[in-house]
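File shown here: input.txt, holding compact mmCIF, C-alpha atoms.
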# COMPACT_ATOMS: atom_id res chain seq x y z
CA MET V 302 -1.07 47.45 -21.43
CA SER V 303 -4.01 45.06 -21.67
CA ARG V 304 -1.91 42.55 -23.62
CA PHE V 305 0.67 42.80 -20.87
CA THR V 306 -1.79 42.14 -18.04
CA GLY V 307 -3.48 39.58 -20.27
CA TRP V 308 -0.24 37.60 -20.39
CA TRP V 309 0.26 37.74 -16.62
CA PHE V 310 -3.32 36.72 -15.83
CA THR V 311 -3.96 34.22 -18.61
CA PRO V 312 -6.54 31.91 -17.01
CA MET V 313 -4.99 28.50 -16.38
CA PRO V 314 -6.47 25.30 -14.92
CA LEU V 315 -6.72 24.91 -11.16
CA GLY V 316 -5.83 21.23 -11.48
CA ARG V 317 -2.30 22.11 -12.54
CA ILE V 318 -1.71 23.67 -9.14
CA ALA V 319 -2.96 20.48 -7.46
CA ALA V 320 -0.45 18.41 -9.43
CA LEU V 321 2.42 20.87 -8.99
CA ARG V 322 1.75 21.12 -5.28
CA THR V 323 2.03 17.36 -4.79
CA ILE V 324 5.13 17.07 -6.99
CA ALA V 325 6.92 20.12 -5.54
CA TYR V 326 6.26 19.07 -1.93
CA LEU V 327 7.09 15.38 -2.44
CA PHE V 328 10.34 16.55 -4.00
CA ILE V 329 11.44 18.01 -0.66
CA PRO V 330 12.10 14.77 1.28
CA LEU V 331 13.84 13.37 -1.83
CA ASP V 332 15.93 16.52 -2.04
CA ILE V 333 16.89 16.30 1.63
CA PHE V 334 17.69 12.59 1.83
CA VAL V 335 18.66 11.57 -1.71
CA PHE V 336 19.64 14.40 -4.07
CA THR V 337 21.45 16.93 -1.85
CA PRO V 338 22.46 15.11 1.35
CA TRP V 339 25.35 17.58 1.72
CA ILE V 340 22.88 20.15 3.07
CA ARG V 341 22.02 18.04 6.11
CA GLN V 342 25.70 17.15 6.47
CA HIS V 343 26.30 20.81 7.34
CA ALA V 344 24.92 19.76 10.74
CA ASP V 345 28.32 18.13 11.39
CA ILE V 346 30.32 21.22 10.42
CA SER V 347 31.41 23.73 13.05
CA THR V 348 29.43 26.98 13.05
CA ARG V 349 32.84 28.68 12.77
CA LEU V 350 32.66 27.83 9.08
CA TYR V 351 29.17 29.35 8.81
CA ASP V 352 29.38 32.41 6.57
CA PRO V 353 25.76 33.63 6.57
CA LEU V 354 23.92 34.89 3.49
CA LEU V 355 22.77 38.50 3.43
CA VAL V 356 19.18 37.48 4.21
CA ALA V 357 20.34 35.56 7.29
CA ARG V 358 22.32 38.56 8.54
CA VAL V 359 19.46 41.01 7.97
CA LEU V 360 16.90 38.75 9.69
CA HIS V 361 19.34 37.69 12.45
CA LEU V 362 18.65 34.02 11.75
CA PRO V 363 20.17 31.65 14.34
CA GLU V 364 23.49 29.87 13.78
CA PRO V 365 22.90 26.40 12.36
CA THR V 366 24.02 24.18 15.21
CA HIS V 367 23.68 20.41 14.92
CA ALA V 368 20.34 20.42 16.77
CA PHE V 369 19.02 23.39 14.80
CA VAL V 370 19.75 21.79 11.41
CA LEU V 371 18.04 18.54 12.45
CA THR V 372 15.02 20.42 13.82
CA VAL V 373 14.54 22.39 10.59
CA GLN V 374 15.00 19.18 8.61
CA TRP V 375 12.31 17.20 10.39
CA LEU V 376 9.84 20.11 10.54
CA LEU V 377 10.35 20.62 6.82
CA VAL V 378 9.86 16.93 6.00
CA ALA V 379 6.68 16.79 8.09
CA ALA V 380 5.24 19.98 6.58
CA ALA V 381 6.12 18.86 3.04
CA LEU V 382 4.50 15.43 3.42
CA ALA V 383 1.37 17.01 4.90
CA GLY V 384 1.35 19.71 2.22
CA ALA V 385 1.67 17.14 -0.58
CA THR V 386 -1.83 15.88 0.29
CA GLY V 387 -3.24 19.28 -0.66
CA ARG V 388 -4.72 19.93 2.79
CA ALA V 389 -4.53 23.41 4.37
CA PRO V 390 -2.69 24.65 1.27
CA ARG V 391 -2.19 28.25 2.37
CA LEU V 392 -1.04 27.51 5.93
CA LEU V 393 1.15 24.51 5.10
CA GLY V 394 2.39 26.13 1.90
CA THR V 395 3.57 29.20 3.79
CA ALA V 396 5.23 27.03 6.45
CA ILE V 397 6.98 24.96 3.77
CA PHE V 398 8.20 28.09 1.97
CA LEU V 399 9.65 29.57 5.18
CA LEU V 400 11.23 26.30 6.34
CA TYR V 401 12.70 25.61 2.91
CA GLY V 402 14.02 29.18 2.89
CA GLU V 403 15.85 28.48 6.14
CA TRP V 404 17.04 25.17 4.64
CA MET V 405 18.60 27.20 1.83
CA VAL V 406 20.35 29.46 4.35
CA ILE V 407 21.83 26.31 5.91
CA ALA V 408 22.79 25.03 2.47
CA MET V 409 24.34 28.12 0.91
CA SER V 410 26.14 29.75 3.88
CA TYR V 411 29.37 27.72 3.81
CA GLY V 412 31.27 29.35 0.97
CA LYS V 413 29.34 28.22 -2.11
CA VAL V 414 25.90 29.06 -3.49
CA ASP V 415 24.09 27.01 -6.12
CA HIS V 416 21.85 28.33 -8.88
CA ASP V 417 19.66 25.31 -9.50
CA ARG V 418 16.59 26.43 -7.54
CA TYR V 419 15.66 30.06 -8.17
CA ALA V 420 12.55 29.02 -10.13
CA TYR V 421 11.74 26.28 -7.60
CA LEU V 422 11.84 28.85 -4.77
CA VAL V 423 9.46 31.04 -6.80
CA LEU V 424 7.19 28.01 -7.17
CA LEU V 425 7.20 27.40 -3.40
CA ALA V 426 6.45 31.12 -2.88
CA VAL V 427 3.44 31.27 -5.21
CA LEU V 428 1.80 27.91 -4.35
CA PRO V 429 0.23 29.25 -1.11
CA THR V 430 -1.45 32.07 -3.08
CA ILE V 431 -3.92 29.48 -4.42
CA GLY V 432 -6.42 27.83 -2.10
CA ALA V 433 -7.81 24.30 -2.15
CA VAL V 434 -7.93 22.67 -5.60
CA ARG V 435 -8.67 19.19 -6.96
CA TYR V 436 -6.55 16.97 -9.20
CA GLY V 437 -7.72 17.15 -12.79
CA GLN V 438 -9.77 20.29 -12.20
CA ARG V 439 -9.98 21.96 -15.63
CA GLU V 440 -11.63 25.18 -14.47
CA PRO V 441 -9.30 28.07 -15.35
CA SER V 442 -8.35 30.83 -12.94
CA GLU V 443 -6.52 34.14 -13.28
CA ALA V 444 -4.74 33.62 -9.96
CA VAL V 445 -3.32 30.34 -11.27
CA GLY V 446 -2.21 32.15 -14.43
CA TRP V 447 -0.23 34.68 -12.41
CA ALA V 448 1.35 31.98 -10.22
CA LEU V 449 2.43 29.88 -13.22
CA ARG V 450 3.70 32.92 -15.16
CA CYS V 451 5.93 33.81 -12.19
CA VAL V 452 7.47 30.33 -12.22
CA GLN V 453 7.83 30.24 -16.02
CA LEU V 454 9.51 33.65 -16.05
CA ALA V 455 11.85 32.51 -13.25
CA VAL V 456 12.82 29.44 -15.31
CA VAL V 457 13.69 31.64 -18.29
CA LEU V 458 15.55 34.19 -16.14
CA THR V 459 17.75 31.41 -14.75
CA TYR V 460 19.11 30.89 -18.26
CA PHE V 461 18.96 34.45 -19.55
CA LEU V 462 20.63 36.08 -16.55
CA ALA V 463 23.32 33.37 -16.55
CA SER V 464 24.57 34.87 -19.83
CA TRP V 465 24.68 38.29 -18.19
CA ALA V 466 26.75 36.86 -15.31
CA LYS V 467 29.16 35.35 -17.84
CA PHE V 468 29.72 38.76 -19.40
CA ARG V 469 30.02 40.40 -15.98
CA PHE V 470 32.48 37.94 -14.42
CA GLY V 471 34.08 36.33 -17.45
CA GLY V 472 34.00 39.23 -19.91
CA PHE V 473 32.65 39.35 -23.43
CA ASN V 474 35.39 36.94 -24.48
CA TRP V 475 33.97 34.26 -22.15
CA PRO V 476 33.23 31.89 -25.08
CA THR V 477 36.90 31.78 -26.10
CA GLY V 478 38.06 30.70 -22.64
CA ALA V 479 38.82 27.20 -21.42
CA ILE V 480 35.63 26.93 -19.36
CA PHE V 481 34.38 23.54 -20.54
CA GLU V 482 37.94 22.19 -20.50
CA TRP V 483 38.23 23.32 -16.88
CA ALA V 484 34.84 21.85 -15.99
CA ILE V 485 35.59 18.46 -17.59
CA ILE V 486 39.06 18.19 -15.97
CA ARG V 487 37.39 18.75 -12.60
CA ARG V 488 34.20 16.75 -13.04
CA GLY V 489 34.35 14.92 -16.34
CA THR V 490 32.79 11.50 -17.03
CA PHE V 491 33.47 8.73 -19.56
CA LEU V 492 30.95 10.56 -21.77
CA SER V 493 32.87 13.82 -21.77
CA ASN V 494 36.56 13.10 -21.05
CA TRP V 495 37.36 12.43 -24.72
CA LEU V 496 36.40 16.05 -25.45
CA LEU V 497 39.51 17.23 -23.60
CA HIS V 498 41.47 16.49 -26.75
CA TYR V 499 39.23 18.73 -28.88
CA PRO V 500 39.41 22.23 -27.35
CA HIS V 501 37.95 23.83 -30.48
CA LEU V 502 34.84 21.67 -30.23
CA LEU V 503 34.47 22.84 -26.64
CA GLU V 504 34.92 26.43 -27.76
CA ILE V 505 32.08 26.02 -30.27
CA GLY V 506 30.02 24.58 -27.43
CA GLN V 507 30.74 27.69 -25.35
CA PHE V 508 29.51 29.96 -28.14
CA GLY V 509 26.43 27.75 -28.44
CA MET V 510 25.83 28.05 -24.71
CA ILE V 511 25.85 31.87 -24.76
CA VAL V 512 23.59 32.00 -27.81
CA ALA V 513 21.14 29.55 -26.23
CA GLU V 514 21.04 31.50 -22.97
CA LEU V 515 20.48 34.80 -24.76
CA ALA V 516 17.72 33.17 -26.82
CA SER V 517 15.99 31.63 -23.79
CA PRO V 518 13.15 34.24 -23.66
CA LEU V 519 11.92 32.62 -26.89
CA ILE V 520 10.71 29.78 -24.64
CA LEU V 521 7.85 32.04 -23.56
CA LEU V 522 6.88 32.63 -27.20
CA VAL V 523 7.21 29.00 -28.26
CA ALA V 524 5.23 27.70 -25.28
CA ARG V 525 1.93 29.11 -26.51
CA SER V 526 0.65 25.92 -28.13
CA ASP V 527 0.65 22.36 -26.82
CA ARG V 528 3.31 21.35 -29.32
CA GLY V 529 5.40 24.38 -28.40
CA ARG V 530 5.13 23.64 -24.70
CA TYR V 531 6.34 20.06 -25.05
CA LEU V 532 9.07 21.18 -27.47
CA ALA V 533 10.29 23.85 -25.04
CA VAL V 534 10.28 21.46 -22.08
CA ALA V 535 11.99 18.72 -24.09
CA THR V 536 14.72 21.16 -25.19
CA MET V 537 15.40 22.29 -21.64
CA LEU V 538 15.36 18.70 -20.37
CA LEU V 539 17.80 17.63 -23.08
CA PHE V 540 20.20 20.43 -22.09
CA HIS V 541 20.13 19.35 -18.44
CA LEU V 542 20.58 15.66 -19.32
CA VAL V 543 23.60 16.46 -21.51
CA THR V 544 25.09 18.51 -18.68
CA PHE V 545 24.49 15.61 -16.32
CA GLY V 546 26.14 13.16 -18.70
CA ALA V 547 29.17 15.41 -19.13
CA LEU V 548 29.67 16.80 -15.63
CA THR V 549 27.21 14.96 -13.30
CA ILE V 550 25.56 18.30 -12.54
CA ILE V 551 21.76 18.35 -12.77
CA PHE V 552 19.38 21.15 -11.80
CA LEU V 553 16.69 18.93 -10.26
CA PRO V 554 14.68 21.61 -8.40
CA HIS V 555 14.75 23.69 -11.59
CA LEU V 556 13.36 20.70 -13.51
CA VAL V 557 10.43 20.57 -11.06
CA ALA V 558 9.72 24.24 -11.81
CA ILE V 559 9.88 23.53 -15.56
CA LEU V 560 6.84 21.26 -15.13
CA SER V 561 4.80 24.47 -14.73
CA PHE V 562 4.82 24.71 -18.54
CA LEU V 563 3.02 21.39 -19.00
CA PRO V 564 -0.73 20.63 -18.91
CA LEU V 565 -0.31 18.44 -15.83
CA GLU V 566 -4.05 18.67 -15.08
CA ARG V 567 -4.73 16.30 -17.99
CA HIS V 568 -2.61 13.54 -16.52
CA ARG V 569 -4.10 11.43 -13.75
CA PRO V 570 -1.53 8.77 -12.88
CA VAL V 571 -3.39 7.55 -9.79
CA LEU V 572 -6.66 7.09 -11.69
CA TRP V 573 -4.74 5.41 -14.49
CA VAL V 574 -3.18 2.90 -12.11
CA ARG V 575 -6.53 2.26 -10.44
CA ALA V 576 -8.31 1.75 -13.75
CA ARG V 577 -5.63 -0.63 -14.88
CA PHE V 578 -5.35 -2.81 -11.83
CA THR V 579 -8.97 -2.91 -10.64
CA PRO V 580 -10.99 -3.83 -13.74
CA ARG V 581 -14.78 -3.65 -13.67
CA SER V 582 -15.13 -1.71 -10.49
CA PRO V 583 -16.35 1.65 -11.74
CA ALA V 584 -17.36 2.60 -8.22
CA LEU V 585 -13.74 3.35 -7.48
CA ALA V 586 -13.40 5.99 -10.14
CA GLU V 587 -15.09 9.31 -9.56
CA PRO V 588 -17.80 9.55 -12.21
CA THR V 589 -17.12 13.18 -13.14
CA GLU V 590 -13.39 12.77 -13.43
CA GLN V 591 -12.85 9.86 -15.74
CA TYR V 592 -9.36 9.52 -16.99
CA SER V 593 -8.97 10.54 -20.59
CA GLY V 594 -5.97 10.83 -22.83
CA SER V 595 -2.44 9.71 -22.20
CA MET Q 668 -14.38 31.26 -13.66
CA PRO Q 669 -12.64 32.70 -10.58
CA THR Q 670 -11.35 36.13 -11.55
CA LEU Q 671 -9.14 38.48 -9.60
CA SER Q 672 -10.19 41.90 -8.33
CA ASN Q 673 -8.29 44.92 -9.55
CA ALA Q 674 -6.58 45.15 -6.17
CA GLY Q 675 -5.60 41.48 -6.44
CA LYS Q 676 -4.10 42.09 -9.86
CA VAL Q 677 -2.27 45.25 -8.90
CA SER Q 678 -0.73 43.69 -5.79
CA ARG Q 679 0.35 40.60 -7.73
CA LEU Q 680 1.94 42.68 -10.48
CA GLY Q 681 3.65 44.79 -7.82
CA ILE Q 682 5.14 41.75 -6.08
CA ALA Q 683 6.31 40.26 -9.38
CA ALA Q 684 7.86 43.60 -10.41
CA ALA Q 685 9.64 43.95 -7.04
CA VAL Q 686 11.13 40.44 -7.24
CA LEU Q 687 12.15 41.05 -10.85
CA VAL Q 688 13.90 44.32 -9.95
CA ILE Q 689 15.76 42.69 -7.02
CA THR Q 690 16.80 39.80 -9.28
CA LEU Q 691 18.09 42.18 -11.98
CA LEU Q 692 19.93 44.22 -9.35
CA GLY Q 693 21.45 41.00 -8.01
CA THR Q 694 22.69 40.05 -11.47
CA ILE Q 695 24.09 43.50 -12.25
CA HIS Q 696 25.41 44.47 -8.86
CA GLY Q 697 24.91 41.68 -6.28
CA GLN Q 698 27.34 39.12 -4.91
CA ASP Q 699 26.91 35.44 -4.04
CA ASP Q 700 25.59 36.21 -0.57
CA TRP Q 701 22.50 37.84 -2.16
CA PHE Q 702 21.21 34.29 -2.72
CA PRO Q 703 18.65 33.57 -4.16
CA PHE Q 704 18.89 36.92 -5.96
CA GLY Q 705 22.63 36.87 -6.58
CA PRO Q 706 24.19 36.62 -10.03
CA PHE Q 707 23.64 33.30 -11.82
CA ARG Q 708 27.36 32.70 -12.14
CA MET Q 709 27.44 28.99 -12.92
CA TYR Q 710 30.71 28.64 -14.88
CA ALA Q 711 30.69 32.41 -15.41
CA SER Q 712 34.38 33.10 -14.82
CA ARG Q 713 36.64 32.79 -17.80
CA ASP Q 714 39.56 30.39 -17.55
CA SER Q 715 42.45 31.22 -19.80
CA PRO Q 716 43.30 28.48 -22.32
CA LYS Q 717 46.98 29.16 -21.55
CA ALA Q 718 46.96 28.94 -17.74
CA ALA Q 719 46.74 25.73 -15.73
CA VAL Q 720 43.40 24.42 -14.48
CA LYS Q 721 43.26 24.56 -10.70
CA SER Q 722 41.59 21.85 -8.67
CA THR Q 723 41.60 22.03 -4.91
CA LEU Q 724 41.47 19.03 -2.64
CA MET Q 725 41.43 18.28 1.03
CA GLN Q 726 43.82 15.63 2.32
CA GLY Q 727 44.14 14.05 5.71
CA ILE Q 728 46.98 12.20 7.42
CA THR Q 729 45.85 9.30 9.57
CA PRO Q 730 47.55 8.63 12.95
CA ALA Q 731 49.39 5.77 11.16
CA GLY Q 732 50.85 8.30 8.72
CA LYS Q 733 48.74 7.33 5.73
CA ARG Q 734 47.70 10.14 3.37
CA ILE Q 735 44.06 10.06 2.32
CA THR Q 736 41.95 12.32 0.13
CA ILE Q 737 38.85 13.58 1.95
CA ASN Q 738 35.80 14.15 -0.24
CA GLY Q 739 32.86 16.39 0.64
CA THR Q 740 30.56 13.71 2.05
CA GLU Q 741 33.24 12.65 4.54
CA THR Q 742 33.18 15.98 6.35
CA GLY Q 743 30.01 17.77 5.22
CA LEU Q 744 32.08 20.46 3.49
CA ARG Q 745 31.98 20.30 -0.32
CA ARG Q 746 35.02 21.01 -2.49
CA ALA Q 747 33.46 24.21 -3.82
CA GLU Q 748 32.85 25.31 -0.22
CA VAL Q 749 36.50 24.65 0.68
CA GLU Q 750 37.45 26.79 -2.35
CA GLY Q 751 34.90 29.47 -1.39
CA GLN Q 752 36.47 29.82 2.06
CA LEU Q 753 40.04 29.18 0.93
CA GLY Q 754 41.18 32.65 1.97
CA ARG Q 755 40.03 32.01 5.54
CA PHE Q 756 41.81 28.64 5.71
CA GLU Q 757 45.03 30.15 4.33
CA ARG Q 758 45.01 33.05 6.80
CA ASN Q 759 44.05 30.81 9.70
CA PRO Q 760 45.02 27.15 9.11
CA ALA Q 761 43.92 26.32 12.67
CA LEU Q 762 40.37 26.46 11.23
CA LEU Q 763 41.16 23.10 9.59
CA ALA Q 764 40.76 21.55 13.04
CA THR Q 765 36.99 21.94 12.47
CA VAL Q 766 37.37 19.74 9.38
CA ALA Q 767 39.17 17.06 11.45
CA ASP Q 768 36.33 17.27 14.01
CA ALA Q 769 33.68 16.88 11.33
CA TYR Q 770 35.58 13.91 9.86
CA GLN Q 771 35.72 12.31 13.30
CA ARG Q 772 31.98 12.83 13.82
CA ARG Q 773 31.20 11.20 10.48
CA HIS Q 774 33.64 8.27 10.93
CA ASN Q 775 32.74 6.83 14.33
CA GLY Q 776 35.52 8.68 16.11
CA ALA Q 777 38.36 7.97 13.65
CA THR Q 778 40.88 10.78 14.15
CA LEU Q 779 43.16 12.60 11.74
CA ALA Q 780 46.66 13.66 12.74
CA ALA Q 781 46.75 16.44 10.15
CA VAL Q 782 44.59 18.08 7.51
CA GLU Q 783 45.91 19.81 4.41
CA ILE Q 784 44.43 21.74 1.54
CA VAL Q 785 46.40 21.28 -1.66
CA VAL Q 786 45.85 22.65 -5.12
CA ARG Q 787 46.63 20.70 -8.25
CA ASN Q 788 47.49 22.64 -11.38
CA TYR Q 789 46.63 20.63 -14.47
CA GLY Q 790 48.61 21.69 -17.50
CA LEU Q 791 46.94 22.90 -20.69
CA ARG Q 792 48.62 23.17 -24.07
CA GLY Q 793 46.71 24.95 -26.83
CA GLY Q 794 43.60 24.66 -24.65
CA ALA Q 795 43.88 20.87 -24.38
CA ALA Q 796 44.74 18.96 -21.21
CA THR Q 797 48.27 17.58 -21.12
CA GLY Q 798 47.38 15.06 -18.41
CA HIS Q 799 50.15 16.32 -16.09
CA TYR Q 800 49.76 18.30 -12.92
CA THR Q 801 51.82 19.92 -10.20
CA GLN Q 802 50.68 20.05 -6.60
CA LYS Q 803 51.07 22.82 -4.03
CA LEU Q 804 50.27 22.99 -0.32
CA LEU Q 805 47.96 25.88 0.60
CA ALA Q 806 47.15 25.31 4.26
CA ARG Q 807 48.07 22.73 6.89
CA TRP Q 808 46.93 21.99 10.41
CA SER Q 809 48.32 19.23 12.56
CA ARG Q 810 47.22 17.94 15.93
CA SER Q 811 49.90 18.96 18.43
This entry written out as structure tokens:
Amino acid sequence: MSRFTGWWFTPMPLGRIAALRTIAYLFIPLDIFVFTPWIRQHADISTRLYDPLLVARVLHLPEPTHAFVLTVQWLLVAAALAGATGRAPRLLGTAIFLLYGEWMVIAMSYGKVDHDRYAYLVLLAVLPTIGAVRYGQREPSEAVGWALRCVQLAVVLTYFLASWAKFRFGGFNWPTGAIFEWAIIRRGTFLSNWLLHYPHLLEIGQFGMIVAELASPLILLVARSDRGRYLAVATMLLFHLVTFGALTIIFLPHLVAILSFLPLERHRPVLWVRARFTPRSPALAEPTEQYSGS
Amino acid sequence: MPTLSNAGKVSRLGIAAAVLVITLLGTIHGQDDWFPFGPFRMYASRDSPKAAVKSTLMQGITPAGKRITINGTETGLRRAEVEGQLGRFERNPALLATVADAYQRRHNGATLAAVEIVVRNYGLRGGAATGHYTQKLLARWSRS
């Protein structure tokens, strides 16, 4: 039992929360305006096509009219930009989580749900459980450990439970289907279209996919050393880049959540830029937080 | 080092356990509308290597009679969303008027005389694409 709680509450640096908070919240305006503009385009769709999620029906959330979608959008952008500064982390973090939750209701209530942001939603949920922190702060905390473990577990579950869904909806013979063929015909690119002539190669890929998903809990075992952490993150990143090359599908919010595995507190890009472009002005750098390492 | 009280630990473990249980239930038993706890069914359905690959598309007829293909960003409704609500459109093609309205809103008032949903069946032979397809009309609305 103590090893179990020990894993959940492994003390981890406060500074990682500071970095994740800024990255996760700055991601929101990019998500809204650049990566998934189709969500805000639901403002132009009649509410007759609104087919609310279970959570929206239970909570009696309002129908997303044009004005409602735009209101949520601008409130969310404002809260996210304010939250990215690290100020009022609990208040703004809670507001961002609730507004982004409503944004997801607007996104996923028109006949299709996506699975690229389960871990990112967990990240938004746990960030407000940590109070004010500083960039680069190395001091470890059990509360940070719990928050990061939640996100890491959610990342792994996204892969592991995807295999379960394949067995549930596709059957145990899923790997012998024409799934990749189907996907490439619909969304193929110049990098993947040639594969249409090699169905057996695609079939091998489907077996590989199931095996990799079933093996995904190993990520938690591998990510116990620095080398393991970078290896695990690089492997996941490679998978998502290959998928992007083949089908132009990329799980960007999920990639943000994957950053929870990395020692972000050691990286100080702002200090690095300052040190590089303002030579011989040590007054600018905080004396206790000198940049070290890459 | 900031440590957590026993109560803090117990409540955190309880919340994590509850979310985990809901997520597992969603995967085993839930449907898409359980989002974000629904099953992670990206490419989960199995497509037979013998049957044709279906691809749905939305087409519009301009007042001048020209047939155009309408992509998701032109109306705000993505292809997968059209497919997700296909049953509704087939039962009630008049609902396609909302697509024409959305198109108009996103194209400075340009109107469509008709909107159609068609499905293309791409042939497979031995699991490989033959490059040929047949097309079928699933739902049609026209401005009267």
Selected residue, from V:Leu315, V:Ile480, V:Ala516, V:Leu382, that lies nearest to chain Q when counting only C-alpha atoms: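 Counting only C-alpha atoms, the residue closest to chain Q is V:Ile480.
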Contacts of stretch 435-446 of chain V at 7 Å (only C-alpha atoms; same-chain gap of 3+ positions) as number ranges by chain: V: 309-316, 319-320, 431, 449-450, 566-567, 569; Q: 668-671
Chain V residues near chain Q (6 Å cut-off, only C-alpha atoms) as JSON, numbers by chain: {"V": [339, 342, 343, 345, 346, 347, 354, 355, 411, 412, 413, 442, 443, 463, 466, 467, 470, 471, 475, 478, 479, 480, 483, 497, 498, 500]}
Residue nearest V:Trp308 - candidates V:Phe481, V:Leu454, V:Leu538, V:Ser464, atoms counted: all atoms listed in the file: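 Selected residue with least distance to V:Trp308: V:Leu454.
In this model, the gap between atom CA of V:Arg322 and atom CA of V:Arg388 comes to 10.4 Å.
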Output as AutoDock Vina command-line options the centre and edge lengths (Å, one decimal) of the box along x, y and z of the file that holds every listed atom of stretch 546-556 of chain V after adding 5 Å on each side.
--center_x 21.5 --center_y 18.4 --center_z -13.8 --size_x 26.3 --size_y 20.5 --size_z 20.7
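Excluding Q:Val785 itself and same-chain residues fewer than 5 positions from it, the residues having an atom within 7 Å of it are Q:Thr723, Q:Leu724, Q:Met725, Q:Gln802, Q:Lys803, Q:Leu804, Q:Leu805, counting all atoms listed in the file.
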Counting only C-alpha atoms, what is within 10 Å of V:Leu362, bar same-chain residues fewer than 6 positions away, as an mmCIF file with C-alpha atoms, in the frame of the given file?
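The result, written out as out-v7.cif:
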data_model
loop_
_atom_site.group_PDB
_atom_site.id
_atom_site.type_symbol
_atom_site.label_atom_id
_atom_site.label_comp_id
_atom_site.auth_asym_id
_atom_site.auth_seq_id
_atom_site.Cartn_x
_atom_site.Cartn_y
_atom_site.Cartn_z
ATOM 1 C CA PRO V 353 25.760 33.630 6.570
ATOM 2 C CA LEU V 354 23.920 34.890 3.490
ATOM 3 C CA VAL V 356 19.180 37.480 4.210
ATOM 4 C CA GLU V 403 15.850 28.480 6.140
ATOM 5 C CA VAL V 406 20.350 29.460 4.350
#
Atom pair atom CA of Q:Ala780 / atom CA of Q:Arg810: separation (Å): 5.4 Å
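Comparing Q:Val688, Q:Ala781, Q:Trp808, Q:Tyr800 by their smallest distance to Q:Thr736, the closest is Q:Ala781 (using only C-alpha atoms).
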